[in-house]
Amino acid sequence: MNAGAEAVMQMNEMAGTSGNAAAPDTSLDSMMTLEIVGARDLAQGVRGFELARPDRGELPAFTAGSHIKVRTPGGGIRKYSLCNSPDDRNFYQIAVKRDAKGQGGSISMCEDAHAGDAILVSAPENAFPLAQKAGGYIFIAGGIGITPILSMIRSLGELPPAPWKLFYLTQSPAATPFIEELKQLGAYGAVRLHHDEGDPARTFDLWPVLEKPTNAHIYCCGPRGLMDAVRDMSGHWSNDQVHFESFSDGSIARPDDKPFAVTLAKSHQTVQVPVGKSILGALRECGHVLSSSCESGTCGTCRTGLLAGEADHRDMVLMPEEMASQIMICVSRAKSAELVLDL
């Protein structure tokens, strides 16, 4: 038996014996075993991977903007956007930015995942779908945020159903994945690449792009600062036309985070939410089955009624007038000692 086949068998055995009933979408026994058929550096600090079935058969279909969950060599579960066109059914393409300040998942992928290795992967999910009948598309990406947007642009093809523009903001050309392909794709749309070289004074001004609402849809993916800026500058656009994607994890602690309690109004159960765990995660550990998708505060699936207490809102969905009565439990926390939820 060759090393690749043996690794596939070992991964299948793990998938059959491990799991997490509270969160079935990330349990090992709900994931499929794929093979890394390609691994290469895409840019400074960014590594690309192509994943395929061991028998090279077709993979589950996906739509532009989808992501998959991957079990890294280090054992953690991480989400990565699919970069390839939905027409490509024989492989999934992802790009991973090495984050030295993260929890180790990206380092594990960049340093320990190699061509020929077996890897556990979930079926695709989409919390960032591309509107099919938009009058146009304004894509805004920062850094590794290009990944879902690249899939969207690829899906539009050489004869896009509506005009599109891409504003891709990175620190330098060397740190810009897919830079040559994006230059070529510019022939079918309008691609603006901007490199600030780490100088805040050279930040790209998006206000002229967003100042006047149109019938286009805005898609933004990138660092939180970029998304906050786009949200502020697009506040006069229709909410239905502005879309965000983020893979920030609600369980990642901030320096000023404190533990708090959530009380479920319908059952009167009180659950403690420690630092480093989201409300969603704490409730799932207690056996509650709750809907979620992005788990980064951008899709709105986990929207929950807030009956009492002061929330620390960390999502990109709620409008100011909704914040007193709603909360996204995948990322948001509490400023008060207790929150009462309509659950």
# chains A, B, ... in the order shown; residues from 1 in each chain; ligands from 1
>>> residues_around(residues="Thr176 in chain A", least_positions_apart="3", cutoff="7 Å", atoms="only C-alpha atoms", output="list in words")
Ala43, Gly143, Thr170, Ser172, Pro173 and Ile179 of chain A
>>> select_by_dssp(residues="range 19-150 of chain A", states="strand (DSSP E)", output="NGL selection string")
:A and (32-43 or 46-52 or 67-71 or 77-81 or 92-97 or 118-121 or 137-142)
>>> residues_around(residues="Leu166 in chain A", least_positions_apart="5", cutoff="8 Å", atoms="only C-alpha atoms", output="PyMOL selection string")
chain A and resi 138-141+189-192
>>> residues_around(residues="His268 in chain A", least_positions_apart="6", cutoff="12 Å", atoms="only C-alpha atoms", output="ChimeraX atom specification")
/A:262,340-343
>>> write_last_selection(atoms="N, CA and C atoms", output="JSON list (two decimals), in the first residue's frame")
[["chain", "number", "residue", "atom", "x", "y", "z"],
["A", 262, "VAL", "N", -25.86, 33.89, 29.98],
["A", 262, "VAL", "CA", -27.05, 34.09, 29.16],
["A", 262, "VAL", "C", -28.17, 33.25, 29.75],
["A", 340, "VAL", "N", -30.51, 38.16, 28.46],
["A", 340, "VAL", "CA", -31.66, 37.28, 28.39],
["A", 340, "VAL", "C", -32.06, 37.16, 26.93],
["A", 341, "LEU", "N", -32.05, 35.93, 26.43],
["A", 341, "LEU", "CA", -32.31, 35.67, 25.02],
["A", 341, "LEU", "C", -33.69, 35.06, 24.82],
["A", 342, "ASP", "N", -34.26, 35.34, 23.66],
["A", 342, "ASP", "CA", -35.59, 34.80, 23.33],
["A", 342, "ASP", "C", -35.44, 33.39, 22.78],
["A", 343, "LEU", "N", -34.97, 32.50, 23.62],
["A", 343, "LEU", "CA", -34.77, 31.10, 23.26],
["A", 343, "LEU", "C", -35.39, 30.21, 24.33]]
>>> residues_around(residues="Lys212 in chain A", least_positions_apart="3", cutoff="10 Å", atoms="only C-alpha atoms", output="ChimeraX atom specification")
/A:207-209,234,236-237
>>> write_last_selection(atoms="N, CA, C and O atoms", output="PDB file, in the first residue's frame")
ATOM      1  N   TRP A 207     -14.609  56.228  -1.161  1.00  0.00           N
ATOM      2  CA  TRP A 207     -15.802  57.065  -1.159  1.00  0.00           C
ATOM      3  C   TRP A 207     -16.296  57.405  -2.573  1.00  0.00           C
ATOM      4  O   TRP A 207     -17.515  57.309  -2.838  1.00  0.00           O
ATOM      5  N   PRO A 208     -15.427  57.775  -3.510  1.00  0.00           N
ATOM      6  CA  PRO A 208     -15.932  58.043  -4.867  1.00  0.00           C
ATOM      7  C   PRO A 208     -16.621  56.829  -5.497  1.00  0.00           C
ATOM      8  O   PRO A 208     -17.500  56.983  -6.345  1.00  0.00           O
ATOM      9  N   VAL A 209     -16.241  55.624  -5.078  1.00  0.00           N
ATOM     10  CA  VAL A 209     -16.848  54.395  -5.608  1.00  0.00           C
ATOM     11  C   VAL A 209     -18.248  54.200  -5.038  1.00  0.00           C
ATOM     12  O   VAL A 209     -19.158  53.721  -5.738  1.00  0.00           O
ATOM     13  N   SER A 234     -21.307  52.867   2.803  1.00  0.00           N
ATOM     14  CA  SER A 234     -22.449  52.360   2.021  1.00  0.00           C
ATOM     15  C   SER A 234     -23.738  52.393   2.836  1.00  0.00           C
ATOM     16  O   SER A 234     -24.730  51.754   2.454  1.00  0.00           O
ATOM     17  N   HIS A 236     -25.977  54.499   3.035  1.00  0.00           N
ATOM     18  CA  HIS A 236     -27.117  55.064   2.306  1.00  0.00           C
ATOM     19  C   HIS A 236     -27.564  54.165   1.155  1.00  0.00           C
ATOM     20  O   HIS A 236     -28.495  54.511   0.428  1.00  0.00           O
ATOM     21  N   TRP A 237     -26.904  53.010   0.973  1.00  0.00           N
ATOM     22  CA  TRP A 237     -27.349  52.020  -0.002  1.00  0.00           C
ATOM     23  C   TRP A 237     -28.415  51.134   0.634  1.00  0.00           C
ATOM     24  O   TRP A 237     -28.523  51.042   1.856  1.00  0.00           O
TER      25      TRP A 237
END
>>> closest_residue(among="A:Pro223, A:Gly297, A:Gly65, A:Gly102", to="Pro124 in chain A", atoms="only C-alpha atoms")
A:Gly65
>>> closest_residue(among="A:Ile149, A:Ala100, A:Leu59, A:Cys302", to="Ser81 in chain A", atoms="only C-alpha atoms")
A:Ile149
>>> select_by_dssp(residues="range 37-266 of chain A", states="alpha helix (DSSP H)", output="JSON, numbers by chain")
{"A": [105, 106, 107, 108, 109, 110, 111, 112, 146, 147, 148, 149, 150, 151, 152, 153, 154, 155, 156, 179, 180, 181, 182, 183, 184, 185, 207, 208, 209, 210, 224, 225, 226, 227, 228, 229, 230, 231, 232, 233]}
>>> residues_around(residues="Thr72 in chain A", least_positions_apart="3", cutoff="12 Å", atoms="only C-alpha atoms", output="list in words")
Met11, Leu28, Ile36, Lys69, Gly75, Gly76, Ile77, Arg78, Lys79, Tyr80, Val96, Gln103, Gly104, Gly105, Ser106, Ile107, Ser108, Met109, Cys110, Glu111, Asp112, Ala113, His114, Asp117, Ala118, Ile119, Leu120 and Val121 of chain A
>>> write_last_selection(atoms="C-alpha atoms", output="mmCIF file, in the first residue's frame")
data_model
loop_
_atom_site.group_PDB
_atom_site.id
_atom_site.type_symbol
_atom_site.label_atom_id
_atom_site.label_comp_id
_atom_site.auth_asym_id
_atom_site.auth_seq_id
_atom_site.Cartn_x
_atom_site.Cartn_y
_atom_site.Cartn_z
ATOM 1 C CA MET A 11 -8.329 9.450 7.936
ATOM 2 C CA LEU A 28 -15.142 14.284 11.585
ATOM 3 C CA ILE A 36 -4.101 17.427 -1.659
ATOM 4 C CA LYS A 69 -14.379 23.487 6.546
ATOM 5 C CA GLY A 75 -6.257 18.966 14.293
ATOM 6 C CA GLY A 76 -8.256 22.217 14.257
ATOM 7 C CA ILE A 77 -11.243 22.950 12.035
ATOM 8 C CA ARG A 78 -10.886 26.051 9.853
ATOM 9 C CA LYS A 79 -13.052 27.610 7.150
ATOM 10 C CA TYR A 80 -11.642 28.559 3.762
ATOM 11 C CA VAL A 96 -4.384 30.096 3.145
ATOM 12 C CA GLN A 103 -4.456 29.969 16.757
ATOM 13 C CA GLY A 104 -2.137 27.827 14.657
ATOM 14 C CA GLY A 105 -4.497 26.563 11.953
ATOM 15 C CA SER A 106 -2.981 28.589 9.129
ATOM 16 C CA ILE A 107 0.567 27.767 10.233
ATOM 17 C CA SER A 108 -0.335 24.083 10.293
ATOM 18 C CA MET A 109 -1.736 24.267 6.760
ATOM 19 C CA CYS A 110 1.170 26.266 5.350
ATOM 20 C CA GLU A 111 3.915 24.205 6.984
ATOM 21 C CA ASP A 112 2.512 20.690 7.380
ATOM 22 C CA ALA A 113 0.044 20.132 4.503
ATOM 23 C CA HIS A 114 1.734 18.692 1.422
ATOM 24 C CA ASP A 117 -1.596 14.102 1.905
ATOM 25 C CA ALA A 118 -5.159 13.112 2.817
ATOM 26 C CA ILE A 119 -7.288 15.773 4.454
ATOM 27 C CA LEU A 120 -10.812 15.912 5.878
ATOM 28 C CA VAL A 121 -13.118 18.444 4.253
#
>>> residues_around(residues="Asn90 in chain A", least_positions_apart="5", cutoff="10 Å", atoms="only C-alpha atoms", output="PyMOL selection string")
chain A and resi 50-53+56-61
>>> atom_distance(atom1="CA of Tyr168 in chain A", atom2="CA of Asp196 in chain A")
11.1 Å
>>> atom_distance(atom1="CA of Glu180 in chain A", atom2="CA of Asp99 in chain A")
23.5 Å
>>> atom_distance(atom1="CA of Cys286 in chain A", atom2="CA of Pro73 in chain A")
28.1 Å
>>> closest_residue(among="A:Glu285, A:Glu158, A:Asp256, A:Asp240", to="Gln272 in chain A", atoms="only C-alpha atoms")
A:Glu285
